[in-house]
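Chemist: TSV, C-alpha atoms, saved as upload20.tsv, coming up:
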chain	number	residue	atom	x	y	z
A	1	MET	CA	105.33	88.19	127.92
A	2	LEU	CA	104.02	85.82	125.32
A	3	ASP	CA	100.29	85.47	125.54
A	4	LYS	CA	99.92	81.85	124.44
A	5	ARG	CA	96.21	81.93	123.74
A	6	LEU	CA	96.46	85.08	121.70
A	7	PHE	CA	99.50	83.77	119.86
A	8	PHE	CA	97.67	80.59	118.97
A	9	SER	CA	94.68	82.49	117.66
A	10	ALA	CA	97.04	84.67	115.59
A	11	PHE	CA	98.62	81.50	114.25
A	12	LYS	CA	95.19	80.15	113.28
A	13	ASP	CA	94.24	83.43	111.60
A	14	THR	CA	97.43	83.46	109.53
A	15	LEU	CA	97.29	79.84	108.33
A	16	PRO	CA	95.95	80.68	104.86
A	17	ILE	CA	98.72	83.26	104.56
A	18	PHE	CA	101.25	80.68	105.65
A	19	ILE	CA	100.38	78.57	102.61
A	20	SER	CA	100.59	81.37	100.07
A	21	TYR	CA	103.62	83.11	101.61
A	22	PHE	CA	105.50	79.87	101.92
A	23	ALA	CA	104.77	78.80	98.35
A	24	LEU	CA	105.70	82.19	96.92
A	25	SER	CA	108.85	82.77	98.94
A	26	PHE	CA	109.92	79.18	98.29
A	27	SER	CA	109.70	79.90	94.55
A	28	PHE	CA	111.47	83.19	95.15
A	29	GLY	CA	114.37	81.41	96.87
A	30	ILE	CA	114.73	78.98	93.98
A	31	LEU	CA	114.49	81.68	91.35
A	32	ALA	CA	116.95	84.02	93.09
A	33	VAL	CA	119.61	81.32	93.24
A	34	LYS	CA	118.86	80.27	89.64
A	35	MET	CA	119.36	83.87	88.54
A	36	GLY	CA	122.80	83.83	90.12
A	37	LEU	CA	122.09	85.62	93.38
A	38	ASN	CA	124.02	84.58	96.47
A	39	PRO	CA	121.66	82.46	98.64
A	40	TYR	CA	122.41	84.55	101.72
A	41	LEU	CA	121.49	87.71	99.84
A	42	ALA	CA	118.21	86.11	98.81
A	43	ILE	CA	117.40	85.44	102.46
A	44	PHE	CA	118.61	88.92	103.38
A	45	MET	CA	116.20	90.37	100.82
A	46	SER	CA	113.29	88.53	102.36
A	47	ILE	CA	114.26	89.92	105.75
A	48	ILE	CA	114.76	93.56	104.88
A	49	ILE	CA	112.61	94.10	101.81
A	50	TYR	CA	109.81	91.65	102.60
A	51	SER	CA	107.70	92.47	99.59
A	52	GLY	CA	106.87	89.60	97.27
A	53	SER	CA	106.36	90.98	93.81
A	54	LEU	CA	109.12	93.57	94.27
A	55	GLN	CA	111.62	90.85	95.17
A	56	PHE	CA	110.65	88.78	92.14
A	57	PHE	CA	110.96	91.83	89.97
A	58	LEU	CA	114.40	92.67	91.34
A	59	VAL	CA	115.93	89.24	90.88
A	60	ALA	CA	114.48	88.93	87.39
A	61	LEU	CA	115.82	92.29	86.23
A	62	PHE	CA	118.83	93.02	88.43
A	63	ASN	CA	121.35	93.45	85.65
A	64	LYS	CA	119.05	95.40	83.35
A	65	LEU	CA	118.26	98.26	85.71
A	66	SER	CA	120.25	101.22	86.96
A	67	LEU	CA	120.22	102.13	90.64
A	68	PHE	CA	117.95	105.04	89.83
A	69	ASP	CA	115.52	102.71	88.02
A	70	ILE	CA	115.55	100.42	91.03
A	71	PHE	CA	114.89	103.24	93.45
A	72	ILE	CA	112.02	104.79	91.49
A	73	THR	CA	110.42	101.47	90.60
A	74	SER	CA	110.66	100.08	94.12
A	75	PHE	CA	109.26	103.24	95.60
A	76	LEU	CA	106.32	103.56	93.24
A	77	PHE	CA	105.76	99.82	93.11
A	78	ASN	CA	104.99	99.72	96.78
A	79	PHE	CA	103.42	103.11	97.01
A	80	ARG	CA	100.14	101.49	97.98
A	81	GLN	CA	101.78	100.67	101.32
A	82	PHE	CA	101.82	104.39	101.90
A	83	PHE	CA	98.06	104.19	102.23
A	84	TYR	CA	98.20	101.23	104.57
A	85	SER	CA	100.53	103.10	106.91
A	86	LEU	CA	98.28	106.11	106.61
A	87	THR	CA	95.25	104.07	107.62
A	88	PHE	CA	97.10	102.70	110.63
A	89	LEU	CA	98.72	105.98	111.60
A	90	GLU	CA	96.99	106.33	114.93
A	91	ARG	CA	96.93	102.67	115.74
A	92	TYR	CA	100.62	102.05	115.15
A	93	LYS	CA	102.15	105.29	116.37
A	94	ASN	CA	105.53	104.17	117.64
A	95	SER	CA	106.05	100.64	116.51
A	96	PHE	CA	108.82	100.68	113.92
A	97	TYR	CA	108.63	96.97	113.29
A	98	LYS	CA	104.86	96.80	112.89
A	99	ILE	CA	104.91	99.61	110.36
A	100	PHE	CA	107.71	97.91	108.47
A	101	ALA	CA	105.86	94.60	108.39
A	102	LEU	CA	102.57	96.01	107.14
A	103	THR	CA	102.13	93.96	103.95
A	104	ASP	CA	98.95	93.58	101.92
A	105	GLU	CA	98.03	90.39	103.74
A	106	THR	CA	98.86	91.66	107.21
A	107	PHE	CA	96.86	94.78	106.48
A	108	ALA	CA	93.96	92.68	105.21
A	109	ILE	CA	93.78	90.63	108.41
A	110	LEU	CA	94.17	93.57	110.75
A	111	THR	CA	91.70	95.97	109.18
A	112	HIS	CA	88.91	93.64	110.19
A	113	LYS	CA	90.13	93.22	113.74
A	114	ARG	CA	89.80	95.41	116.76
A	115	GLU	CA	92.90	97.19	117.97
A	116	ASN	CA	95.19	94.98	120.03
A	117	PRO	CA	98.93	95.74	120.04
A	118	LYS	CA	99.99	92.25	121.04
A	119	TYR	CA	97.84	90.50	118.49
A	120	GLU	CA	99.05	92.88	115.78
A	121	MET	CA	102.64	92.10	116.69
A	122	TYR	CA	102.05	88.33	116.55
A	123	ILE	CA	100.37	88.57	113.16
A	124	SER	CA	103.20	90.72	111.79
A	125	LEU	CA	105.92	88.45	113.16
A	126	LEU	CA	104.27	85.25	112.00
A	127	ASN	CA	103.72	86.46	108.43
A	128	HIS	CA	107.26	87.77	108.19
A	129	ALA	CA	108.55	84.46	109.58
A	130	TYR	CA	106.60	82.44	106.96
A	131	TRP	CA	108.13	84.60	104.27
A	132	ILE	CA	111.69	84.13	105.53
A	133	ILE	CA	111.30	80.41	106.23
A	134	GLY	CA	109.91	79.83	102.74
A	135	THR	CA	112.87	81.65	101.21
A	136	ILE	CA	115.35	79.61	103.26
A	137	CYS	CA	113.65	76.37	102.22
A	138	GLY	CA	113.71	77.42	98.56
A	139	VAL	CA	117.37	78.38	98.73
A	140	VAL	CA	118.27	75.09	100.42
A	141	PHE	CA	116.06	73.04	98.08
A	142	VAL	CA	117.82	74.32	95.00
A	143	GLN	CA	121.24	73.32	96.43
A	144	TYR	CA	120.23	69.67	96.48
A	145	ILE	CA	117.82	69.34	93.61
A	146	GLU	CA	119.22	70.49	90.35
A	147	ILE	CA	116.71	72.33	88.20
A	148	LYS	CA	117.65	71.79	84.60
A	149	PHE	CA	114.76	73.53	82.82
A	150	LYS	CA	114.53	77.23	82.14
A	151	GLY	CA	111.60	79.61	82.30
A	152	LEU	CA	111.08	79.65	86.06
A	153	ASP	CA	111.27	83.44	86.03
A	154	PHE	CA	107.91	83.46	84.26
A	155	ILE	CA	106.35	83.12	87.72
A	156	LEU	CA	106.81	86.87	87.91
A	157	VAL	CA	104.60	87.44	84.86
A	158	THR	CA	101.85	85.09	85.98
A	159	LEU	CA	101.96	86.71	89.41
A	160	PHE	CA	101.48	90.15	87.87
A	161	ILE	CA	98.77	88.90	85.51
A	162	VAL	CA	96.75	87.45	88.37
A	163	ILE	CA	97.06	90.64	90.42
A	164	LEU	CA	95.99	92.70	87.40
A	165	LEU	CA	93.08	90.40	86.66
A	166	GLU	CA	91.89	90.58	90.26
A	167	SER	CA	92.15	94.35	90.16
A	168	PHE	CA	90.02	94.38	87.02
A	169	LEU	CA	87.43	91.99	88.43
A	170	LYS	CA	87.10	94.24	91.47
A	171	SER	CA	87.04	97.64	89.80
A	172	LYS	CA	85.61	96.73	86.35
A	173	ARG	CA	87.53	99.66	84.91
A	174	VAL	CA	89.75	99.50	81.85
A	175	PHE	CA	91.16	103.01	82.11
A	176	PRO	CA	94.28	102.14	84.16
A	177	PHE	CA	95.14	99.29	81.76
A	178	ILE	CA	94.80	101.52	78.72
A	179	LEU	CA	96.87	104.26	80.32
A	180	GLY	CA	99.55	101.76	81.31
A	181	ALA	CA	99.68	100.15	77.87
A	182	LEU	CA	99.73	103.54	76.17
A	183	SER	CA	102.50	104.93	78.37
A	184	PHE	CA	104.62	101.88	77.75
A	185	GLY	CA	103.73	101.59	74.05
A	186	ILE	CA	104.68	105.16	73.17
A	187	PHE	CA	108.16	105.01	74.67
A	188	TYR	CA	108.76	101.45	73.53
A	189	LEU	CA	108.05	102.38	69.92
A	190	LEU	CA	110.16	105.51	70.27
A	191	GLY	CA	113.01	103.30	71.43
A	192	VAL	CA	113.74	105.47	74.46
A	193	LYS	CA	116.69	104.35	76.57
A	194	ASN	CA	115.15	104.80	80.01
A	195	LEU	CA	111.92	103.18	78.94
A	196	LEU	CA	110.67	102.32	82.40
A	197	ILE	CA	111.18	105.72	83.97
A	198	PHE	CA	109.72	107.58	81.01
A	199	SER	CA	106.58	105.45	80.88
A	200	ILE	CA	106.01	105.65	84.63
A	201	PHE	CA	106.53	109.40	84.69
A	202	PHE	CA	104.21	109.91	81.71
A	203	ALA	CA	101.46	107.87	83.38
A	204	PHE	CA	101.95	109.82	86.59
A	205	VAL	CA	101.57	113.15	84.79
A	206	VAL	CA	98.40	111.98	83.03
A	207	LEU	CA	96.86	110.88	86.33
A	208	PHE	CA	97.87	114.14	87.93
A	209	LEU	CA	96.35	116.29	85.17
A	210	ARG	CA	93.18	114.21	85.21
A	211	HIS	CA	92.90	114.74	88.94
A	212	LYS	CA	93.49	118.48	88.57
A	213	ASN	CA	90.68	118.79	86.06
A	214	ASP	CA	88.11	117.01	88.21
B	1	MET	CA	124.20	94.10	97.21
B	2	ILE	CA	123.89	97.87	96.80
B	3	GLU	CA	120.83	97.21	94.60
B	4	ILE	CA	119.17	95.37	97.46
B	5	LEU	CA	119.84	98.21	99.89
B	6	VAL	CA	118.49	100.81	97.47
B	7	ALA	CA	115.33	98.76	96.93
B	8	ALA	CA	114.99	98.19	100.66
B	9	PHE	CA	115.37	101.88	101.36
B	10	ALA	CA	112.76	102.83	98.75
B	11	ASN	CA	110.47	100.23	100.23
B	12	PHE	CA	111.04	101.58	103.75
B	13	LEU	CA	110.12	105.03	102.52
B	14	THR	CA	106.73	103.91	101.25
B	15	ARG	CA	105.94	102.48	104.64
B	16	PHE	CA	107.29	105.30	106.76
B	17	LEU	CA	106.62	108.50	104.84
B	18	PRO	CA	103.13	108.98	106.26
B	19	ILE	CA	104.48	108.63	109.78
B	20	LEU	CA	107.58	110.74	109.24
B	21	PHE	CA	106.33	113.90	107.66
B	22	LEU	CA	103.40	113.58	105.33
B	23	LYS	CA	100.67	113.54	107.93
B	24	LYS	CA	99.43	116.94	106.87
B	25	HIS	CA	99.93	116.66	103.14
B	26	TYR	CA	98.80	113.16	102.39
B	27	LYS	CA	95.55	114.32	100.81
B	28	ARG	CA	97.57	115.57	97.85
B	29	PHE	CA	98.56	112.01	97.05
B	30	LEU	CA	95.16	110.44	97.36
B	31	PHE	CA	94.56	110.72	93.62
B	32	LEU	CA	97.20	108.03	93.13
B	33	LYS	CA	95.41	105.54	95.30
B	34	GLU	CA	92.80	104.28	92.88
B	35	ASP	CA	94.48	103.82	89.51
B	36	PHE	CA	98.21	104.17	89.91
B	37	PRO	CA	99.01	100.67	91.23
B	38	THR	CA	97.26	99.05	88.27
B	39	VAL	CA	98.80	101.45	85.75
B	40	LEU	CA	102.25	100.77	87.14
B	41	LEU	CA	101.81	97.01	87.18
B	42	THR	CA	100.58	97.11	83.58
B	43	ILE	CA	103.72	99.00	82.59
B	44	LEU	CA	105.99	96.59	84.47
B	45	THR	CA	104.31	93.55	82.95
B	46	LEU	CA	104.71	94.95	79.44
B	47	TYR	CA	108.29	95.90	80.23
B	48	ILE	CA	109.07	92.28	81.02
B	49	LEU	CA	107.16	90.89	78.03
B	50	PHE	CA	108.70	93.28	75.49
B	51	PRO	CA	112.48	93.44	75.85
B	52	LYS	CA	114.46	95.60	73.45
B	53	GLU	CA	115.23	92.63	71.22
B	54	LEU	CA	111.93	90.93	70.78
B	55	ASP	CA	111.83	87.18	70.13
B	56	LEU	CA	108.46	86.37	68.58
B	57	GLN	CA	108.75	82.67	69.34
B	58	ILE	CA	109.18	83.38	73.05
B	59	LEU	CA	106.48	86.03	72.96
B	60	SER	CA	104.01	83.54	71.52
B	61	TYR	CA	104.78	81.08	74.36
B	62	GLU	CA	104.30	83.89	76.83
B	63	LEU	CA	100.95	84.84	75.36
B	64	VAL	CA	99.69	81.26	75.47
B	65	ALA	CA	100.76	80.94	79.11
B	66	ILE	CA	99.10	84.25	79.96
B	67	VAL	CA	95.82	83.20	78.38
B	68	VAL	CA	95.95	79.92	80.31
B	69	THR	CA	96.66	81.83	83.53
B	70	ILE	CA	93.68	84.11	82.94
B	71	VAL	CA	91.28	81.30	82.07
B	72	ILE	CA	92.33	79.22	85.08
B	73	HIS	CA	92.03	82.21	87.32
B	74	LEU	CA	88.57	83.06	86.05
B	75	LEU	CA	87.50	79.45	86.60
B	76	PHE	CA	88.89	78.89	90.08
B	77	ARG	CA	89.90	82.29	91.47
B	78	ARG	CA	92.78	80.59	93.30
B	79	PHE	CA	95.84	82.80	93.33
B	80	LEU	CA	98.51	80.12	93.67
B	81	LEU	CA	96.81	77.64	91.35
B	82	SER	CA	96.68	80.17	88.53
B	83	ILE	CA	100.30	81.22	89.04
B	84	PHE	CA	101.67	77.70	89.12
B	85	LEU	CA	99.65	76.24	86.26
B	86	GLY	CA	100.34	79.31	84.10
B	87	SER	CA	104.08	79.15	84.78
B	88	MET	CA	104.04	75.40	84.17
B	89	VAL	CA	102.56	75.89	80.72
B	90	TYR	CA	105.30	78.38	79.89
B	91	ILE	CA	108.06	76.10	81.21
B	92	VAL	CA	106.72	73.17	79.20
B	93	LEU	CA	106.54	75.27	76.03
B	94	ILE	CA	109.93	76.95	76.28
B	95	ASN	CA	111.81	73.76	77.10
B	96	ASN	CA	110.13	71.84	74.26
B	97	PHE	CA	109.12	69.10	76.65
B	98	PHE	CA	106.80	67.61	74.06
Show me the file's structure as structure tokens.

Modeler:
Amino acid sequence: MLDKRLFFSAFKDTLPIFISYFALSFSFGILAVKMGLNPYLAIFMSIIIYSGSLQFFLVALFNKLSLFDIFITSFLFNFRQFFYSLTFLERYKNSFYKIFALTDETFAILTHKRENPKYEMYISLLNHAYWIIGTICGVVFVQYIEIKFKGLDFILVTLFIVILLESFLKSKRVFPFILGALSFGIFYLLGVKNLLIFSIFFAFVVLFLRHKND
Amino acid sequence: MIEILVAAFANFLTRFLPILFLKKHYKRFLFLKEDFPTVLLTILTLYILFPKELDLQILSYELVAIVVTIVIHLLFRRFLLSIFLGSMVYIVLINNFF
């Protein structure tokens, strides 16, 4: 049964996330349609992928990537979620949906809260709902208001830049940036065909060797 | 369509691997936790900024917009504000609005 008081408190706790999820998924909906994706597929993506930056990345680069690229990039891109699930291993045991819906923001809210299966479910459902509703609104919006200018896909870059900047401000370490730039730079200059995979694999090997030597 | 399913499946895997069968071996992957996300995002960002056929005009717009994004973010630390103002600058530049 729905626990109204608990649901309301979950709603209050997720309000800040409502604003950012709605704004981002709204832009995602617009961009997806602008990039030629079927509106229903855009909404479908928000339902079954439910991962902001990955969705932006996919719609921006759909036609440039092979299926293998998409698989590897999507997997590694969201590999951090692996650690969220890991952290919540005991707490979440059998809830398929709650594990699926464990995004950065949901994780952030729940790590500070005491265990409560119902509350966790409400938070997960609400955040997922904001994401889907925002996408639907974006997709509908773009049907009625014609967007004549180009460059909307740059949202992806600014999104990444802000995440990277935040990561730097928190860790104060330049090593990962140098490694990333180097991995990309080498294979870009070499003109390798599978640029993305090569650079990612190279970076992975360097990290692995560095870890082995510690 | 198939692209979406592949991405969704890969995404599922990241969320379910620990629960499915990596409970015992997860310590082997811990070394990826600290740096890998940032390294990967750096690569992806560069991948978008530097396509095979580079257009220096576009790249210069992109760099201006990126600098604006960074400055605004350092000033206000507001995620959405930085993203929207930064993208706005790029859209204005690339469409020659002025």

Chemist: Can you work out the spacing between atom CA of His128 of chain A and atom CA of Phe8 of chain A in Å, to one decimal?

Modeler: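 Separation of atom CA of His128 of chain A and atom CA of Phe8 of chain A: 16.1 Å.
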
Chemist: Kindly indicate which residue among A:Ile145, A:Ala10, A:Leu165, A:Ile186 lies nearest to chain B, using all atoms listed in the file for the distances.

Modeler: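 Among A:Ile145, A:Ala10, A:Leu165, A:Ile186, it is A:Leu165 that comes nearest to chain B.
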
Chemist: Env of Ile132 of chain A: 7 Å cut, atoms = only C-alpha atoms, seq-sep filter 4 positions within chain, self excluded. Answer as a list in words.

Modeler: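 Counting only C-alpha atoms, the residues come to Ile43, Ser46, Ile47, His128 and Ile136 of chain A.
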
Chemist: Considering all atoms listed in the file, state which residue in the set B:Lys27, B:Val92, B:Val39, B:Glu53 is at the smallest distance from chain A.

Modeler: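 For chain A, the nearest of the given residues is B:Val39.
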
Chemist: May I have the residues of chain B within 8 Å of chain A, counting all atoms listed in the file, written as a PDB file with C-alpha atoms, in the frame of the given file?

Modeler:
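Final output, iface-v9.pdb:
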ATOM      1  CA  MET B   1     124.200  94.100  97.210  1.00  0.00           C
ATOM      2  CA  GLU B   3     120.830  97.210  94.600  1.00  0.00           C
ATOM      3  CA  ILE B   4     119.170  95.370  97.460  1.00  0.00           C
ATOM      4  CA  VAL B   6     118.490 100.810  97.470  1.00  0.00           C
ATOM      5  CA  ALA B   7     115.330  98.760  96.930  1.00  0.00           C
ATOM      6  CA  ALA B   8     114.990  98.190 100.660  1.00  0.00           C
ATOM      7  CA  ALA B  10     112.760 102.830  98.750  1.00  0.00           C
ATOM      8  CA  ASN B  11     110.470 100.230 100.230  1.00  0.00           C
ATOM      9  CA  PHE B  12     111.040 101.580 103.750  1.00  0.00           C
ATOM     10  CA  LEU B  13     110.120 105.030 102.520  1.00  0.00           C
ATOM     11  CA  THR B  14     106.730 103.910 101.250  1.00  0.00           C
ATOM     12  CA  ARG B  15     105.940 102.480 104.640  1.00  0.00           C
ATOM     13  CA  PHE B  16     107.290 105.300 106.760  1.00  0.00           C
ATOM     14  CA  LEU B  17     106.620 108.500 104.840  1.00  0.00           C
ATOM     15  CA  PRO B  18     103.130 108.980 106.260  1.00  0.00           C
ATOM     16  CA  ILE B  19     104.480 108.630 109.780  1.00  0.00           C
ATOM     17  CA  LYS B  23     100.670 113.540 107.930  1.00  0.00           C
ATOM     18  CA  PHE B  31      94.560 110.720  93.620  1.00  0.00           C
ATOM     19  CA  LEU B  32      97.200 108.030  93.130  1.00  0.00           C
ATOM     20  CA  LYS B  33      95.410 105.540  95.300  1.00  0.00           C
ATOM     21  CA  ASP B  35      94.480 103.820  89.510  1.00  0.00           C
ATOM     22  CA  PHE B  36      98.210 104.170  89.910  1.00  0.00           C
ATOM     23  CA  PRO B  37      99.010 100.670  91.230  1.00  0.00           C
ATOM     24  CA  THR B  38      97.260  99.050  88.270  1.00  0.00           C
ATOM     25  CA  VAL B  39      98.800 101.450  85.750  1.00  0.00           C
ATOM     26  CA  LEU B  40     102.250 100.770  87.140  1.00  0.00           C
ATOM     27  CA  LEU B  41     101.810  97.010  87.180  1.00  0.00           C
ATOM     28  CA  THR B  42     100.580  97.110  83.580  1.00  0.00           C
ATOM     29  CA  ILE B  43     103.720  99.000  82.590  1.00  0.00           C
ATOM     30  CA  LEU B  44     105.990  96.590  84.470  1.00  0.00           C
ATOM     31  CA  THR B  45     104.310  93.550  82.950  1.00  0.00           C
ATOM     32  CA  LEU B  46     104.710  94.950  79.440  1.00  0.00           C
ATOM     33  CA  TYR B  47     108.290  95.900  80.230  1.00  0.00           C
ATOM     34  CA  ILE B  48     109.070  92.280  81.020  1.00  0.00           C
ATOM     35  CA  ILE B  66      99.100  84.250  79.960  1.00  0.00           C
ATOM     36  CA  THR B  69      96.660  81.830  83.530  1.00  0.00           C
ATOM     37  CA  ILE B  70      93.680  84.110  82.940  1.00  0.00           C
ATOM     38  CA  HIS B  73      92.030  82.210  87.320  1.00  0.00           C
ATOM     39  CA  PHE B  79      95.840  82.800  93.330  1.00  0.00           C
ATOM     40  CA  LEU B  80      98.510  80.120  93.670  1.00  0.00           C
ATOM     41  CA  SER B  82      96.680  80.170  88.530  1.00  0.00           C
ATOM     42  CA  ILE B  83     100.300  81.220  89.040  1.00  0.00           C
ATOM     43  CA  PHE B  84     101.670  77.700  89.120  1.00  0.00           C
ATOM     44  CA  GLY B  86     100.340  79.310  84.100  1.00  0.00           C
ATOM     45  CA  SER B  87     104.080  79.150  84.780  1.00  0.00           C
ATOM     46  CA  TYR B  90     105.300  78.380  79.890  1.00  0.00           C
ATOM     47  CA  ILE B  91     108.060  76.100  81.210  1.00  0.00           C
ATOM     48  CA  ILE B  94     109.930  76.950  76.280  1.00  0.00           C
ATOM     49  CA  ASN B  95     111.810  73.760  77.100  1.00  0.00           C
TER      50      ASN B  95
END

Chemist: Have a look at atom CA of Arg91 of chain A and atom CA of His112 of chain A and let me know their distance in Å, one decimal.

Modeler: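 Taking atom CA of Arg91 of chain A and atom CA of His112 of chain A, their separation equals 13.3 Å.
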
Chemist: Would you compute the distance between atom CA of Leu49 of chain B and atom CA of Phe141 of chain A? Give it in Å to one decimal.

Modeler: 28.3 Å

Chemist: Taking into account all atoms listed in the file, which residue in the set A:Phe202, A:Phe107, A:Cys137, A:Pro16 is nearest to Tyr40 of chain A?

Modeler: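 Smallest separation from Tyr40 of chain A among the options: A:Cys137.
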
Chemist: Identify which of the residues A:Leu31, A:Met121, A:Val206, A:Leu190 lies closest to Leu2 of chain A, counting all atoms listed in the file when measuring atom-to-atom distances.

Modeler: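 Of all the options, A:Met121 lies closest to Leu2 of chain A.
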
Chemist: Pull C-alpha atoms for segment 103-181 of chain A from the block and write them as a short mmCIF file (atom, residue, chain, number, x, y, z; two decimals), in the first residue's frame.

Modeler:
data_model
loop_
_atom_site.label_atom_id
_atom_site.label_comp_id
_atom_site.auth_asym_id
_atom_site.auth_seq_id
_atom_site.Cartn_x
_atom_site.Cartn_y
_atom_site.Cartn_z
CA THR A 103 21.37 6.61 -10.84
CA ASP A 104 23.96 9.03 -9.49
CA GLU A 105 21.28 11.24 -7.98
CA THR A 106 19.22 8.41 -6.50
CA PHE A 107 22.38 6.96 -5.04
CA ALA A 108 23.34 10.35 -3.63
CA ILE A 109 20.02 10.76 -1.81
CA LEU A 110 19.89 7.22 -0.49
CA THR A 111 23.44 6.89 0.81
CA HIS A 112 22.63 9.47 3.45
CA LYS A 113 19.38 7.84 4.49
CA ARG A 114 18.67 4.91 6.71
CA GLU A 115 17.49 1.73 5.07
CA ASN A 116 13.79 1.77 4.22
CA PRO A 117 12.58 -0.33 1.27
CA LYS A 118 9.43 1.68 0.68
CA TYR A 119 11.15 5.03 0.78
CA GLU A 120 13.87 3.75 -1.56
CA MET A 121 11.22 2.58 -4.00
CA TYR A 122 9.43 5.95 -3.95
CA ILE A 123 12.66 7.85 -4.55
CA SER A 124 13.60 5.55 -7.44
CA LEU A 125 10.17 5.75 -9.04
CA LEU A 126 9.87 9.50 -8.67
CA ASN A 127 13.28 10.23 -10.20
CA HIS A 128 12.65 7.86 -13.08
CA ALA A 129 9.24 9.47 -13.61
CA TYR A 130 10.76 13.00 -13.75
CA TRP A 131 13.19 11.76 -16.36
CA ILE A 132 10.50 10.21 -18.54
CA ILE A 133 8.06 13.11 -18.15
CA GLY A 134 10.77 15.59 -19.12
CA THR A 135 11.57 13.58 -22.23
CA ILE A 136 7.90 13.41 -23.23
CA CYS A 137 7.53 17.16 -22.76
CA GLY A 138 10.64 17.82 -24.84
CA VAL A 139 9.47 15.52 -27.61
CA VAL A 140 6.03 17.14 -27.66
CA PHE A 141 7.46 20.67 -27.42
CA VAL A 142 9.56 20.22 -30.52
CA GLN A 143 6.50 19.09 -32.54
CA TYR A 144 4.83 22.45 -32.03
CA ILE A 145 7.69 24.88 -31.78
CA GLU A 146 10.01 24.75 -34.71
CA ILE A 147 13.65 25.15 -33.76
CA LYS A 148 15.44 26.73 -36.67
CA PHE A 149 18.92 27.19 -35.21
CA LYS A 150 21.61 24.54 -35.08
CA GLY A 151 24.14 23.69 -32.40
CA LEU A 152 21.76 22.28 -29.80
CA ASP A 153 23.86 19.13 -29.62
CA PHE A 154 26.57 21.18 -27.93
CA ILE A 155 24.65 20.62 -24.68
CA LEU A 156 26.46 17.29 -24.61
CA VAL A 157 29.87 18.97 -24.55
CA THR A 158 28.95 21.52 -21.89
CA LEU A 159 27.44 18.71 -19.83
CA PHE A 160 30.68 16.74 -20.03
CA ILE A 161 32.80 19.81 -19.32
CA VAL A 162 30.87 20.59 -16.15
CA ILE A 163 31.12 17.00 -14.93
CA LEU A 164 34.87 17.01 -15.64
CA LEU A 165 35.35 20.35 -13.92
CA GLU A 166 33.46 19.16 -10.85
CA SER A 167 35.56 16.02 -10.77
CA PHE A 168 38.70 18.16 -10.88
CA LEU A 169 37.48 20.54 -8.18
CA LYS A 170 36.80 17.55 -5.94
CA SER A 171 39.92 15.51 -6.56
CA LYS A 172 42.43 18.25 -7.49
CA ARG A 173 44.26 15.72 -9.61
CA VAL A 174 45.33 16.25 -13.20
CA PHE A 175 46.53 12.72 -13.87
CA PRO A 176 43.24 11.34 -15.28
CA PHE A 177 42.91 14.33 -17.62
CA ILE A 178 46.45 13.92 -18.92
CA LEU A 179 45.98 10.20 -19.41
CA GLY A 180 42.70 10.76 -21.23
CA ALA A 181 44.12 13.47 -23.48
#
